[in-house]
$ cat coords_15.pdb   # PDB, C-alpha atoms and all ligand atoms
ATOM      1  CA  MET E   1      25.424 -33.809  32.633
ATOM      2  CA  THR E   2      23.241 -31.857  35.058
ATOM      3  CA  ALA E   3      19.728 -32.928  35.972
ATOM      4  CA  TYR E   4      18.466 -29.816  34.200
ATOM      5  CA  ALA E   5      20.216 -30.785  30.980
ATOM      6  CA  LEU E   6      18.728 -34.280  31.197
ATOM      7  CA  GLU E   7      15.260 -32.876  31.623
ATOM      8  CA  GLY E   8      15.943 -30.471  28.793
ATOM      9  CA  GLN E   9      16.397 -33.330  26.363
ATOM     10  CA  ASP E  10      12.700 -34.041  26.581
ATOM     11  CA  ALA E  11      11.237 -30.722  27.604
ATOM     12  CA  ILE E  12      11.693 -27.490  25.741
ATOM     13  CA  ALA E  13      13.543 -25.140  28.103
ATOM     14  CA  LYS E  14      11.752 -22.056  29.393
ATOM     15  CA  GLY E  15      12.590 -18.941  27.397
ATOM     16  CA  ALA E  16      13.489 -21.057  24.383
ATOM     17  CA  THR E  17      11.688 -21.075  21.054
ATOM     18  CA  ALA E  18       9.068 -23.799  20.940
ATOM     19  CA  LEU E  19       8.159 -23.501  17.281
ATOM     20  CA  SER E  20       9.496 -21.468  14.403
ATOM     21  CA  THR E  21       9.046 -21.142  10.677
ATOM     22  CA  LYS E  22      11.509 -19.636   8.232
ATOM     23  CA  GLY E  23      10.992 -18.602   4.616
ATOM     24  CA  LEU E  24       7.779 -20.595   4.377
ATOM     25  CA  GLN E  25       6.298 -20.447   0.886
ATOM     26  CA  LYS E  26       3.154 -21.994  -0.544
ATOM     27  CA  ALA E  27       1.124 -21.292  -3.648
ATOM     28  CA  PHE E  28      -2.083 -22.882  -4.909
ATOM     29  CA  GLY E  29      -1.554 -22.615  -8.658
ATOM     30  CA  SER E  30      -0.780 -18.958  -9.302
ATOM     31  CA  LEU E  31      -2.178 -17.847  -5.897
ATOM     32  CA  PRO E  32       0.555 -17.352  -3.289
ATOM     33  CA  VAL E  33      -0.904 -18.126   0.154
ATOM     34  CA  ALA E  34       2.293 -18.239   2.220
ATOM     35  CA  ARG E  35       4.956 -15.697   1.347
ATOM     36  CA  ASP E  36       8.257 -15.954   3.172
ATOM     37  CA  ILE E  37       6.619 -16.552   6.564
ATOM     38  CA  ALA E  38       8.977 -16.381   9.530
ATOM     39  CA  ILE E  39       7.443 -16.672  12.988
ATOM     40  CA  ASP E  40       8.842 -17.673  16.379
ATOM     41  CA  LEU E  41       6.716 -18.909  19.250
ATOM     42  CA  PRO E  42       8.455 -18.920  22.632
ATOM     43  CA  VAL E  43       7.650 -21.625  25.184
ATOM     44  CA  GLY E  44       4.407 -20.772  26.980
ATOM     45  CA  ALA E  45       3.212 -18.287  24.330
ATOM     46  CA  ARG E  46      -0.449 -17.436  23.906
ATOM     47  CA  TYR E  47      -0.209 -15.963  20.421
ATOM     48  CA  ALA E  48      -3.068 -15.028  18.109
ATOM     49  CA  LEU E  49      -2.896 -15.299  14.334
ATOM     50  CA  ILE E  50      -5.271 -12.802  12.749
ATOM     51  CA  GLY E  51      -5.957 -11.430   9.287
ATOM     52  CA  PRO E  52      -8.779 -10.873   6.823
ATOM     53  CA  ASN E  53     -10.604 -13.753   5.124
ATOM     54  CA  GLY E  54      -8.330 -15.648   2.780
ATOM     55  CA  ALA E  55      -5.150 -14.217   4.335
ATOM     56  CA  GLY E  56      -3.715 -17.738   4.645
ATOM     57  CA  LYS E  57      -4.169 -18.394   8.386
ATOM     58  CA  THR E  58      -5.540 -21.936   8.078
ATOM     59  CA  THR E  59      -3.004 -22.719   5.369
ATOM     60  CA  LEU E  60      -0.196 -21.708   7.733
ATOM     61  CA  ILE E  61      -1.584 -24.068  10.399
ATOM     62  CA  ASN E  62      -1.846 -26.807   7.754
ATOM     63  CA  LEU E  63       1.780 -26.262   6.736
ATOM     64  CA  ILE E  64       2.949 -26.363  10.363
ATOM     65  CA  THR E  65       1.032 -29.570  11.125
ATOM     66  CA  GLY E  66       2.074 -31.225   7.867
ATOM     67  CA  LEU E  67      -1.386 -31.470   6.321
ATOM     68  CA  GLN E  68       0.080 -29.498   3.432
ATOM     69  CA  GLN E  69       3.680 -29.336   2.246
ATOM     70  CA  PRO E  70       5.401 -25.964   1.757
ATOM     71  CA  ASP E  71       7.018 -25.173  -1.584
ATOM     72  CA  ALA E  72      10.023 -23.801   0.320
ATOM     73  CA  GLY E  73      11.086 -22.957   3.859
ATOM     74  CA  ALA E  74      11.533 -24.789   7.121
ATOM     75  CA  ILE E  75       9.604 -25.528  10.304
ATOM     76  CA  THR E  76      11.369 -26.364  13.549
ATOM     77  CA  LEU E  77       9.855 -27.738  16.734
ATOM     78  CA  GLY E  78      12.037 -27.393  19.814
ATOM     79  CA  GLY E  79      15.010 -26.824  17.503
ATOM     80  CA  GLU E  80      14.371 -29.961  15.429
ATOM     81  CA  ASP E  81      13.583 -29.573  11.736
ATOM     82  CA  ILE E  82      10.191 -31.217  11.193
ATOM     83  CA  THR E  83       9.516 -29.899   7.672
ATOM     84  CA  ALA E  84       9.694 -33.318   6.037
ATOM     85  CA  LEU E  85       7.846 -35.251   8.749
ATOM     86  CA  ALA E  86       4.388 -36.776   8.297
ATOM     87  CA  PRO E  87       1.613 -35.231  10.432
ATOM     88  CA  GLN E  88       1.495 -38.180  12.875
ATOM     89  CA  ASP E  89       5.258 -37.967  13.447
ATOM     90  CA  ARG E  90       4.878 -34.268  14.275
ATOM     91  CA  VAL E  91       2.176 -35.213  16.800
ATOM     92  CA  LYS E  92       4.569 -37.721  18.407
ATOM     93  CA  ARG E  93       7.133 -34.935  18.770
ATOM     94  CA  GLY E  94       4.652 -32.686  20.543
ATOM     95  CA  LEU E  95       2.660 -30.756  17.955
ATOM     96  CA  ALA E  96      -1.125 -30.930  18.245
ATOM     97  CA  ARG E  97      -4.147 -29.275  16.711
ATOM     98  CA  THR E  98      -7.845 -29.692  17.270
ATOM     99  CA  PHE E  99     -10.230 -31.481  14.966
ATOM    100  CA  GLN E 100     -14.008 -31.495  14.990
ATOM    101  CA  ILE E 101     -15.239 -34.481  16.991
ATOM    102  CA  ASN E 102     -16.061 -37.354  14.643
ATOM    103  CA  THR E 103     -19.154 -39.527  14.876
ATOM    104  CA  LEU E 104     -17.366 -42.261  16.860
ATOM    105  CA  PHE E 105     -16.442 -39.847  19.611
ATOM    106  CA  ALA E 106     -19.900 -38.259  19.557
ATOM    107  CA  GLY E 107     -21.345 -41.601  20.738
ATOM    108  CA  LEU E 108     -18.872 -41.946  23.610
ATOM    109  CA  ASN E 109     -18.750 -39.953  26.789
ATOM    110  CA  PRO E 110     -15.819 -37.537  27.312
ATOM    111  CA  LEU E 111     -14.044 -39.881  29.742
ATOM    112  CA  GLU E 112     -14.188 -42.772  27.264
ATOM    113  CA  ALA E 113     -13.098 -40.558  24.361
ATOM    114  CA  VAL E 114     -10.114 -39.011  26.137
ATOM    115  CA  THR E 115      -9.106 -42.361  27.695
ATOM    116  CA  LEU E 116      -9.094 -43.855  24.205
ATOM    117  CA  ALA E 117      -6.879 -40.998  22.994
ATOM    118  CA  VAL E 118      -4.514 -41.479  25.961
ATOM    119  CA  CYS E 119      -4.364 -45.247  25.237
ATOM    120  CA  GLU E 120      -3.630 -44.478  21.592
ATOM    121  CA  ARG E 121      -0.685 -42.291  22.624
ATOM    122  CA  ARG E 122       0.545 -44.981  25.019
ATOM    123  CA  GLY E 123       0.252 -47.628  22.285
ATOM    124  CA  ILE E 124      -2.315 -49.679  24.227
ATOM    125  CA  ALA E 125      -5.475 -48.656  22.367
ATOM    126  CA  ASN E 126      -6.187 -52.245  21.268
ATOM    127  CA  ARG E 127      -6.687 -53.243  24.928
ATOM    128  CA  PHE E 128      -9.133 -50.430  25.589
ATOM    129  CA  TRP E 129     -12.270 -52.361  24.689
ATOM    130  CA  GLN E 130     -11.134 -55.660  26.211
ATOM    131  CA  ASN E 131     -10.486 -54.851  29.832
ATOM    132  CA  ILE E 132     -11.057 -51.374  31.129
ATOM    133  CA  ALA E 133      -9.443 -52.270  34.478
ATOM    134  CA  VAL E 134      -5.976 -52.569  32.925
ATOM    135  CA  ASN E 135      -6.301 -48.995  31.756
ATOM    136  CA  LYS E 136      -6.704 -47.488  35.220
ATOM    137  CA  ASP E 137      -3.715 -45.167  34.770
ATOM    138  CA  ALA E 138      -4.990 -44.029  31.406
ATOM    139  CA  ILE E 139      -8.441 -43.346  32.854
ATOM    140  CA  GLU E 140      -6.902 -41.298  35.649
ATOM    141  CA  GLU E 141      -4.825 -39.314  33.185
ATOM    142  CA  ALA E 142      -7.908 -38.723  31.020
ATOM    143  CA  TYR E 143      -9.925 -37.547  34.002
ATOM    144  CA  GLY E 144      -7.122 -35.150  34.958
ATOM    145  CA  ILE E 145      -7.204 -33.641  31.460
ATOM    146  CA  LEU E 146     -10.995 -33.307  31.567
ATOM    147  CA  GLU E 147     -10.815 -31.545  34.917
ATOM    148  CA  LYS E 148      -8.305 -29.047  33.495
ATOM    149  CA  LEU E 149     -10.763 -28.362  30.687
ATOM    150  CA  LYS E 150     -13.630 -27.954  33.200
ATOM    151  CA  LEU E 151     -15.319 -31.057  31.841
ATOM    152  CA  GLY E 152     -15.059 -33.232  34.957
ATOM    153  CA  ASP E 153     -18.735 -32.718  35.803
ATOM    154  CA  VAL E 154     -19.932 -33.958  32.395
ATOM    155  CA  CYS E 155     -17.412 -36.764  31.877
ATOM    156  CA  TYR E 156     -20.124 -39.461  31.869
ATOM    157  CA  GLN E 157     -22.560 -37.674  29.564
ATOM    158  CA  THR E 158     -22.799 -38.731  25.944
ATOM    159  CA  THR E 159     -20.710 -36.287  23.934
ATOM    160  CA  ARG E 160     -23.351 -35.526  21.311
ATOM    161  CA  GLU E 161     -25.711 -34.384  24.073
ATOM    162  CA  LEU E 162     -23.248 -31.857  25.497
ATOM    163  CA  PRO E 163     -23.680 -28.130  24.804
ATOM    164  CA  TYR E 164     -21.631 -27.153  21.766
ATOM    165  CA  GLY E 165     -19.132 -25.093  23.781
ATOM    166  CA  ARG E 166     -18.332 -28.134  25.877
ATOM    167  CA  GLN E 167     -17.874 -30.258  22.766
ATOM    168  CA  ARG E 168     -15.320 -27.721  21.562
ATOM    169  CA  LEU E 169     -13.516 -27.999  24.906
ATOM    170  CA  LEU E 170     -13.514 -31.767  24.478
ATOM    171  CA  GLU E 171     -11.741 -31.317  21.148
ATOM    172  CA  ILE E 172      -8.997 -29.490  23.039
ATOM    173  CA  ALA E 173      -8.966 -32.260  25.678
ATOM    174  CA  LEU E 174      -8.411 -34.832  22.925
ATOM    175  CA  ALA E 175      -5.498 -32.783  21.586
ATOM    176  CA  LEU E 176      -4.016 -32.525  25.103
ATOM    177  CA  ALA E 177      -4.142 -36.332  25.386
ATOM    178  CA  THR E 178      -1.232 -36.398  22.920
ATOM    179  CA  GLN E 179       0.843 -34.449  25.504
ATOM    180  CA  PRO E 180       1.690 -31.604  23.153
ATOM    181  CA  LYS E 181       4.344 -28.965  23.642
ATOM    182  CA  VAL E 182       2.691 -26.775  21.022
ATOM    183  CA  LEU E 183      -1.072 -26.548  20.506
ATOM    184  CA  LEU E 184      -2.564 -24.976  17.374
ATOM    185  CA  LEU E 185      -6.188 -23.884  17.602
ATOM    186  CA  ASP E 186      -8.074 -22.908  14.451
ATOM    187  CA  GLU E 187     -11.073 -20.925  15.706
ATOM    188  CA  PRO E 188     -11.627 -23.071  18.808
ATOM    189  CA  ALA E 189     -14.840 -21.226  19.667
ATOM    190  CA  ALA E 190     -16.365 -21.237  16.175
ATOM    191  CA  GLY E 191     -20.094 -21.853  16.342
ATOM    192  CA  VAL E 192     -20.238 -21.199  20.081
ATOM    193  CA  PRO E 193     -22.558 -18.373  21.223
ATOM    194  CA  GLN E 194     -20.473 -15.200  21.569
ATOM    195  CA  GLU E 195     -21.118 -14.848  25.290
ATOM    196  CA  GLU E 196     -19.662 -18.340  25.875
ATOM    197  CA  SER E 197     -16.580 -18.118  23.644
ATOM    198  CA  GLY E 198     -14.647 -16.258  26.372
ATOM    199  CA  ASP E 199     -15.120 -19.293  28.649
ATOM    200  CA  ILE E 200     -13.254 -21.473  26.152
ATOM    201  CA  PHE E 201     -10.341 -19.047  25.918
ATOM    202  CA  GLU E 202     -10.336 -18.631  29.693
ATOM    203  CA  VAL E 203      -9.675 -22.355  30.002
ATOM    204  CA  VAL E 204      -7.001 -22.265  27.273
ATOM    205  CA  ALA E 205      -5.286 -19.286  28.933
ATOM    206  CA  GLY E 206      -5.101 -21.247  32.187
ATOM    207  CA  LEU E 207      -3.363 -24.306  30.709
ATOM    208  CA  SER E 208       0.203 -25.142  31.723
ATOM    209  CA  ASP E 209       2.874 -22.437  31.298
ATOM    210  CA  ASP E 210       4.970 -25.015  29.455
ATOM    211  CA  LEU E 211       2.372 -25.339  26.725
ATOM    212  CA  THR E 212       2.766 -23.025  23.729
ATOM    213  CA  VAL E 213      -0.482 -21.967  22.056
ATOM    214  CA  LEU E 214      -1.143 -20.331  18.687
ATOM    215  CA  PHE E 215      -4.798 -19.613  17.963
ATOM    216  CA  ILE E 216      -6.749 -18.234  15.022
ATOM    217  CA  GLU E 217      -9.673 -16.113  16.112
ATOM    218  CA  HIS E 218     -11.832 -13.558  14.332
ATOM    219  CA  ASP E 219     -13.428 -11.971  17.399
ATOM    220  CA  MET E 220     -11.112  -9.064  18.212
ATOM    221  CA  HIS E 221     -12.467  -8.739  21.760
ATOM    222  CA  ILE E 222     -11.284 -12.273  22.416
ATOM    223  CA  VAL E 223      -7.959 -11.731  20.632
ATOM    224  CA  PHE E 224      -7.109  -8.601  22.609
ATOM    225  CA  ARG E 225      -8.211 -10.182  25.860
ATOM    226  CA  PHE E 226      -6.293 -13.444  25.608
ATOM    227  CA  ALA E 227      -3.317 -13.038  23.252
ATOM    228  CA  THR E 228       0.047 -12.043  24.694
ATOM    229  CA  ARG E 229       1.182 -11.251  21.162
ATOM    230  CA  ILE E 230      -0.567 -10.950  17.818
ATOM    231  CA  ILE E 231       0.679 -11.922  14.364
ATOM    232  CA  VAL E 232      -1.178 -10.195  11.524
ATOM    233  CA  LEU E 233      -1.261 -12.060   8.239
ATOM    234  CA  VAL E 234      -2.324 -10.283   5.048
ATOM    235  CA  ALA E 235      -2.314 -11.884   1.580
ATOM    236  CA  GLY E 236      -0.085 -14.741   2.744
ATOM    237  CA  ALA E 237       2.590 -12.586   4.369
ATOM    238  CA  VAL E 238       3.249 -11.395   7.911
ATOM    239  CA  PHE E 239       2.018  -7.810   7.771
ATOM    240  CA  THR E 240       3.178  -7.032  11.298
ATOM    241  CA  GLN E 241       3.325  -8.530  14.761
ATOM    242  CA  GLY E 242       3.400  -7.144  18.260
ATOM    243  CA  THR E 243       1.752  -6.905  21.631
ATOM    244  CA  PRO E 244      -2.013  -6.272  21.697
ATOM    245  CA  ALA E 245      -1.298  -2.613  22.573
ATOM    246  CA  GLU E 246       1.087  -2.232  19.613
ATOM    247  CA  ILE E 247      -1.367  -3.859  17.213
ATOM    248  CA  ALA E 248      -4.284  -1.767  18.498
ATOM    249  CA  ALA E 249      -2.270   1.413  17.878
ATOM    250  CA  ASP E 250      -1.088   0.379  14.407
ATOM    251  CA  PRO E 251      -2.925   2.439  11.763
ATOM    252  CA  GLY E 252      -1.903  -0.046   9.061
ATOM    253  CA  VAL E 253      -3.678  -2.878  10.852
ATOM    254  CA  ARG E 254      -6.736  -0.729  11.343
ATOM    255  CA  GLU E 255      -6.775  -0.005   7.622
ATOM    256  CA  VAL E 256      -6.531  -3.707   6.775
ATOM    257  CA  TYR E 257      -9.556  -4.371   8.973
ATOM    258  CA  LEU E 258     -11.591  -1.269   8.224
ATOM    259  CA  GLY E 259     -10.783  -1.385   4.523
ATOM    260  CA  LYS E 260     -11.652  -5.055   4.117
ATOM    261  CA  ARG E 261     -13.761  -5.529   7.177
ATOM    262  CA  HIS E 262     -15.376  -8.977   7.355
ATOM    263  CA  HIS E 263     -15.310  -9.707  11.068
ATOM    264  CA  GLY E 264     -15.645  -8.037  14.499
TER     265      GLY E 264
HETATM  266  N1  LIG E 301      -6.559 -26.535  -1.129
HETATM  267  C1  LIG E 301      -6.657 -25.335  -1.706
HETATM  268  N2  LIG E 301      -6.595 -25.194  -3.048
HETATM  269  C2  LIG E 301      -6.681 -23.977  -3.628
HETATM  270  N3  LIG E 301      -6.826 -22.811  -2.956
HETATM  271  C3  LIG E 301      -6.904 -22.896  -1.616
HETATM  272  C4  LIG E 301      -6.825 -24.139  -0.911
HETATM  273  N4  LIG E 301      -6.914 -23.894   0.428
HETATM  274  C5  LIG E 301      -7.053 -22.571   0.539
HETATM  275  N5  LIG E 301      -7.045 -21.965  -0.665
HETATM  276  C6  LIG E 301      -7.108 -20.521  -0.917
HETATM  277  O1  LIG E 301      -5.979 -19.956  -0.256
HETATM  278  C7  LIG E 301      -6.309 -18.706   0.326
HETATM  279  C8  LIG E 301      -6.015 -18.752   1.809
HETATM  280  O2  LIG E 301      -6.969 -19.613   2.439
HETATM  281  P1  LIG E 301      -6.962 -19.878   3.995
HETATM  282  O3  LIG E 301      -8.120 -20.785   4.301
HETATM  283  O4  LIG E 301      -5.631 -20.327   4.431
HETATM  284  O5  LIG E 301      -7.255 -18.417   4.563
HETATM  285  P2  LIG E 301      -7.750 -17.966   5.996
HETATM  286  O6  LIG E 301      -6.959 -16.754   6.353
HETATM  287  O7  LIG E 301      -7.700 -19.098   6.950
HETATM  288  O8  LIG E 301      -9.253 -17.545   5.688
HETATM  289  P3  LIG E 301     -10.573 -17.507   6.627
HETATM  290  O9  LIG E 301     -10.363 -16.411   7.621
HETATM  291  O10 LIG E 301     -11.659 -17.172   5.649
HETATM  292  O11 LIG E 301     -10.737 -18.871   7.238
HETATM  293  C9  LIG E 301      -7.787 -18.459   0.006
HETATM  294  O12 LIG E 301      -7.854 -17.639  -1.141
HETATM  295  C10 LIG E 301      -8.320 -19.838  -0.303
HETATM  296  O13 LIG E 301      -9.405 -19.782  -1.199
END
$ encode --input "coords_15.pdb" --output "structure tokens"
Amino acid sequence: MTAYALEGQDAIAKGATALSTKGLQKAFGSLPVARDIAIDLPVGARYALIGPNGAGKTTLINLITGLQQPDAGAITLGGEDITALAPQDRVKRGLARTFQINTLFAGLNPLEAVTLAVCERRGIANRFWQNIAVNKDAIEEAYGILEKLKLGDVCYQTTRELPYGRQRLLEIALALATQPKVLLLDEPAAGVPQEESGDIFEVVAGLSDDLTVLFIEHDMHIVFRFATRIIVLVAGAVFTQGTPAEIAADPGVREVYLGKRHHG
């Protein structure tokens, strides 16, 4: 076996599909919210998922992460079928999403919070409070993540005192502590002043080429600036997908947004 093949067992090869869904179906009572959804995200993608309110964007993320179970269809991560796995087992295999920082993390500083998340991944979280010195490697890894997220300069400040945009970046840092291959971001700049939301996406765009990112965003300026490809969801189904230029020129997409315009 070549060295490349050995590496490939753990890393998803470049040019390969990182995440895909096939025939994904979900209904809440009589309301179908996922209708035969088939998407493929190649390794290193920076894809946007857009669509009018209630189109089913968050539901699709919930189905992919395992927070909700599909009625039919399959989800594969790096070629492995993960449809039946619990959310935490999907995280272990390299699927991460962001969550709003909880009150525990708000009282810590970013270095403590991300170190704790790194220790959790390494299975040494119970030692975290006992002897910080034994966690030197974890602290270094956490600091490296914070630097990537441009949070190195505030790593000792209490999280709840950080500007909101920086708290949102910390949420991404916490997700990166799980060493994901695929990162799902549901409106990562929500609540951040519009002039600062580009900074968050700038940081996301600059993350490793090996990391695959799918983000939901309502601000079309941001979507067209940062997405390499756009998937348009309407009424639970993929309406169309394409490059930003293709989507911008698509009269059908324009109609969806102008006809039912809620955002940007
Ligand atoms: N747990 C649930 N039970 C019943 N209906 C739900 C549930 N979650 C979502 N829905 C409904 O499913 C539809 C899709 O919701 P979803 O949040 O996935 O849309 P969205 O595209 O993310 O919307 P938005 O842009 O407003 O966040 C909506 O009509 C919503 O009211």
$ axis_aligned_box --input "coords_15.pdb" --around "ligand LIG 301 (chain E)" --padding-each-side "3 Å" --output "AutoDock Vina command-line options"
--center_x -8.6 --center_y -21.5 --center_z 2.0 --size_x 12.0 --size_y 16.1 --size_z 17.2
$ closest_residue --input "coords_15.pdb" --among "E:Tyr143, E:Phe99, E:Phe105, E:Phe215" --to "ligand LIG 301 (chain E)" --atoms "all atoms listed in the file"
E:Phe215
$ atom_distance --input "coords_15.pdb" --atom1 "CA of Glu141 in chain E" --atom2 "CA of Thr115 in chain E"
7.6 Å
$ resolve_selection --input "coords_15.pdb" --expression "the PyMOL selection byres (((chain E and resi 198) around 12) and not hetatm)" --output "list of chain:residue names"
E:Gly165, E:Leu169, E:Pro188, E:Ala189, E:Ala190, E:Val192, E:Pro193, E:Gln194, E:Glu195, E:Glu196, E:Ser197, E:Asp199, E:Ile200, E:Phe201, E:Glu202, E:Val203, E:Val204, E:Ala205, E:Glu217, E:Asp219, E:Met220, E:His221, E:Ile222, E:Val223, E:Phe224, E:Arg225, E:Phe226
$ resolve_selection --input "coords_15.pdb" --expression "the PyMOL selection byres (((not hetatm)) within 6 of (chain E and resi 301))" --output "VMD selection string"
chain E and resid 28 33 52 to 59
$ write_last_selection --input "coords_15.pdb" --atoms "C-alpha atoms" --output "PDB file, in the frame of the given file"
ATOM      1  CA  PHE E  28      -2.083 -22.882  -4.909  1.00  0.00           C
ATOM      2  CA  VAL E  33      -0.904 -18.126   0.154  1.00  0.00           C
ATOM      3  CA  PRO E  52      -8.779 -10.873   6.823  1.00  0.00           C
ATOM      4  CA  ASN E  53     -10.604 -13.753   5.124  1.00  0.00           C
ATOM      5  CA  GLY E  54      -8.330 -15.648   2.780  1.00  0.00           C
ATOM      6  CA  ALA E  55      -5.150 -14.217   4.335  1.00  0.00           C
ATOM      7  CA  GLY E  56      -3.715 -17.738   4.645  1.00  0.00           C
ATOM      8  CA  LYS E  57      -4.169 -18.394   8.386  1.00  0.00           C
ATOM      9  CA  THR E  58      -5.540 -21.936   8.078  1.00  0.00           C
ATOM     10  CA  THR E  59      -3.004 -22.719   5.369  1.00  0.00           C
TER      11      THR E  59
END
$ closest_atom_pairs --input "coords_15.pdb" --of "range 38-133 of chain E" --to "range 150-153 of chain E" --cutoff "12 Å" --atoms "all atoms listed in the file" --output "Markdown table"
| residue | atom | partner | partner_atom | distance |
| --- | --- | --- | --- | --- |
| E:Asn109 | CA | E:Leu151 | CA | 10.8 |
| E:Pro110 | CA | E:Leu151 | CA | 7.9 |
| E:Leu111 | CA | E:Gly152 | CA | 8.5 |
| E:Val114 | CA | E:Leu151 | CA | 11.1 |
$ residues_near_point --input "coords_15.pdb" --point "(0.5, -24.3, 33.5)" --cutoff "12 Å" --atoms "only C-alpha atoms" --output "PyMOL selection string"
chain E and resi 43-46+148+181+203-213
$ atom_distance --input "coords_15.pdb" --atom1 "CA of Pro180 in chain E" --atom2 "CA of Lys22 in chain E"
21.5 Å
$ closest_residue --input "coords_15.pdb" --among "E:Ala142, E:Ile101, E:Ala113, E:Val234" --to "Arg168 in chain E" --atoms "only C-alpha atoms"
E:Ile101
$ resolve_selection --input "coords_15.pdb" --expression "the PyMOL selection byres (((chain E and resi 172) around 9) and not hetatm)" --output "ChimeraX atom specification"
/E:97-99,149,167-171,173-177,183,185,188,204
$ closest_residue --input "coords_15.pdb" --among "E:Thr158, E:Gln241, E:Thr17, E:Thr178" --to "Gly79 in chain E" --atoms "only C-alpha atoms"
E:Thr17
$ closest_residue --input "coords_15.pdb" --among "E:Ile145, E:Leu41, E:Leu67, E:Leu116" --to "Asp89 in chain E" --atoms "all atoms listed in the file"
E:Leu67
$ atom_distance --input "coords_15.pdb" --atom1 "CA of Gly252 in chain E" --atom2 "CA of Arg229 in chain E"
16.8 Å
$ closest_residue --input "coords_15.pdb" --among "E:Val232, E:Glu147, E:Gly242, E:Tyr156" --to "Leu108 in chain E" --atoms "all atoms listed in the file"
E:Tyr156
$ residues_near_point --input "coords_15.pdb" --point "(1.8, -28.3, -1.1)" --cutoff "12 Å" --atoms "only C-alpha atoms" --output "number ranges by chain"
E: 24-29, 32-34, 59-60, 62-64, 66-73, 83-84
$ closest_residue --input "coords_15.pdb" --among "E:Asp36, E:Glu255, E:Glu112, E:Asp137" --to "Gly51 in chain E" --atoms "all atoms listed in the file"
E:Glu255
$ decode --input "coords_15.pdb" --residues "range 103-117 of chain E" --atoms "N, CA and C atoms" --output "PDB file, in the first residue's frame"
ATOM      1  N   THR E 103     -23.833  29.191  28.571  1.00  0.00           N
ATOM      2  CA  THR E 103     -23.438  30.076  29.687  1.00  0.00           C
ATOM      3  C   THR E 103     -22.113  29.646  30.308  1.00  0.00           C
ATOM      4  N   LEU E 104     -21.805  28.339  30.289  1.00  0.00           N
ATOM      5  CA  LEU E 104     -20.526  27.892  30.853  1.00  0.00           C
ATOM      6  C   LEU E 104     -19.379  28.532  30.076  1.00  0.00           C
ATOM      7  N   PHE E 105     -19.455  28.435  28.753  1.00  0.00           N
ATOM      8  CA  PHE E 105     -18.371  28.982  27.952  1.00  0.00           C
ATOM      9  C   PHE E 105     -18.315  30.507  28.052  1.00  0.00           C
ATOM     10  N   ALA E 106     -19.457  31.143  28.255  1.00  0.00           N
ATOM     11  CA  ALA E 106     -19.458  32.609  28.339  1.00  0.00           C
ATOM     12  C   ALA E 106     -18.627  33.094  29.523  1.00  0.00           C
ATOM     13  N   GLY E 107     -18.514  32.272  30.578  1.00  0.00           N
ATOM     14  CA  GLY E 107     -17.736  32.657  31.757  1.00  0.00           C
ATOM     15  C   GLY E 107     -16.259  32.346  31.633  1.00  0.00           C
ATOM     16  N   LEU E 108     -15.885  31.564  30.641  1.00  0.00           N
ATOM     17  CA  LEU E 108     -14.474  31.225  30.418  1.00  0.00           C
ATOM     18  C   LEU E 108     -13.871  32.211  29.433  1.00  0.00           C
ATOM     19  N   ASN E 109     -12.540  32.163  29.318  1.00  0.00           N
ATOM     20  CA  ASN E 109     -11.950  32.925  28.220  1.00  0.00           C
ATOM     21  C   ASN E 109     -11.807  31.986  27.011  1.00  0.00           C
ATOM     22  N   PRO E 110     -11.585  32.538  25.808  1.00  0.00           N
ATOM     23  CA  PRO E 110     -11.546  31.686  24.614  1.00  0.00           C
ATOM     24  C   PRO E 110     -10.502  30.570  24.699  1.00  0.00           C
ATOM     25  N   LEU E 111      -9.347  30.855  25.317  1.00  0.00           N
ATOM     26  CA  LEU E 111      -8.314  29.817  25.393  1.00  0.00           C
ATOM     27  C   LEU E 111      -8.785  28.660  26.274  1.00  0.00           C
ATOM     28  N   GLU E 112      -9.420  28.990  27.399  1.00  0.00           N
ATOM     29  CA  GLU E 112      -9.946  27.928  28.272  1.00  0.00           C
ATOM     30  C   GLU E 112     -11.040  27.132  27.551  1.00  0.00           C
ATOM     31  N   ALA E 113     -11.935  27.845  26.879  1.00  0.00           N
ATOM     32  CA  ALA E 113     -13.075  27.182  26.231  1.00  0.00           C
ATOM     33  C   ALA E 113     -12.604  26.230  25.131  1.00  0.00           C
ATOM     34  N   VAL E 114     -11.693  26.709  24.286  1.00  0.00           N
ATOM     35  CA  VAL E 114     -11.249  25.861  23.169  1.00  0.00           C
ATOM     36  C   VAL E 114     -10.348  24.730  23.690  1.00  0.00           C
ATOM     37  N   THR E 115      -9.540  25.011  24.725  1.00  0.00           N
ATOM     38  CA  THR E 115      -8.724  23.938  25.312  1.00  0.00           C
ATOM     39  C   THR E 115      -9.628  22.844  25.866  1.00  0.00           C
ATOM     40  N   LEU E 116     -10.695  23.250  26.518  1.00  0.00           N
ATOM     41  CA  LEU E 116     -11.648  22.263  27.058  1.00  0.00           C
ATOM     42  C   LEU E 116     -12.230  21.416  25.923  1.00  0.00           C
ATOM     43  N   ALA E 117     -12.571  22.072  24.816  1.00  0.00           N
ATOM     44  CA  ALA E 117     -13.134  21.335  23.672  1.00  0.00           C
ATOM     45  C   ALA E 117     -12.091  20.386  23.068  1.00  0.00           C
TER      46      ALA E 117
END
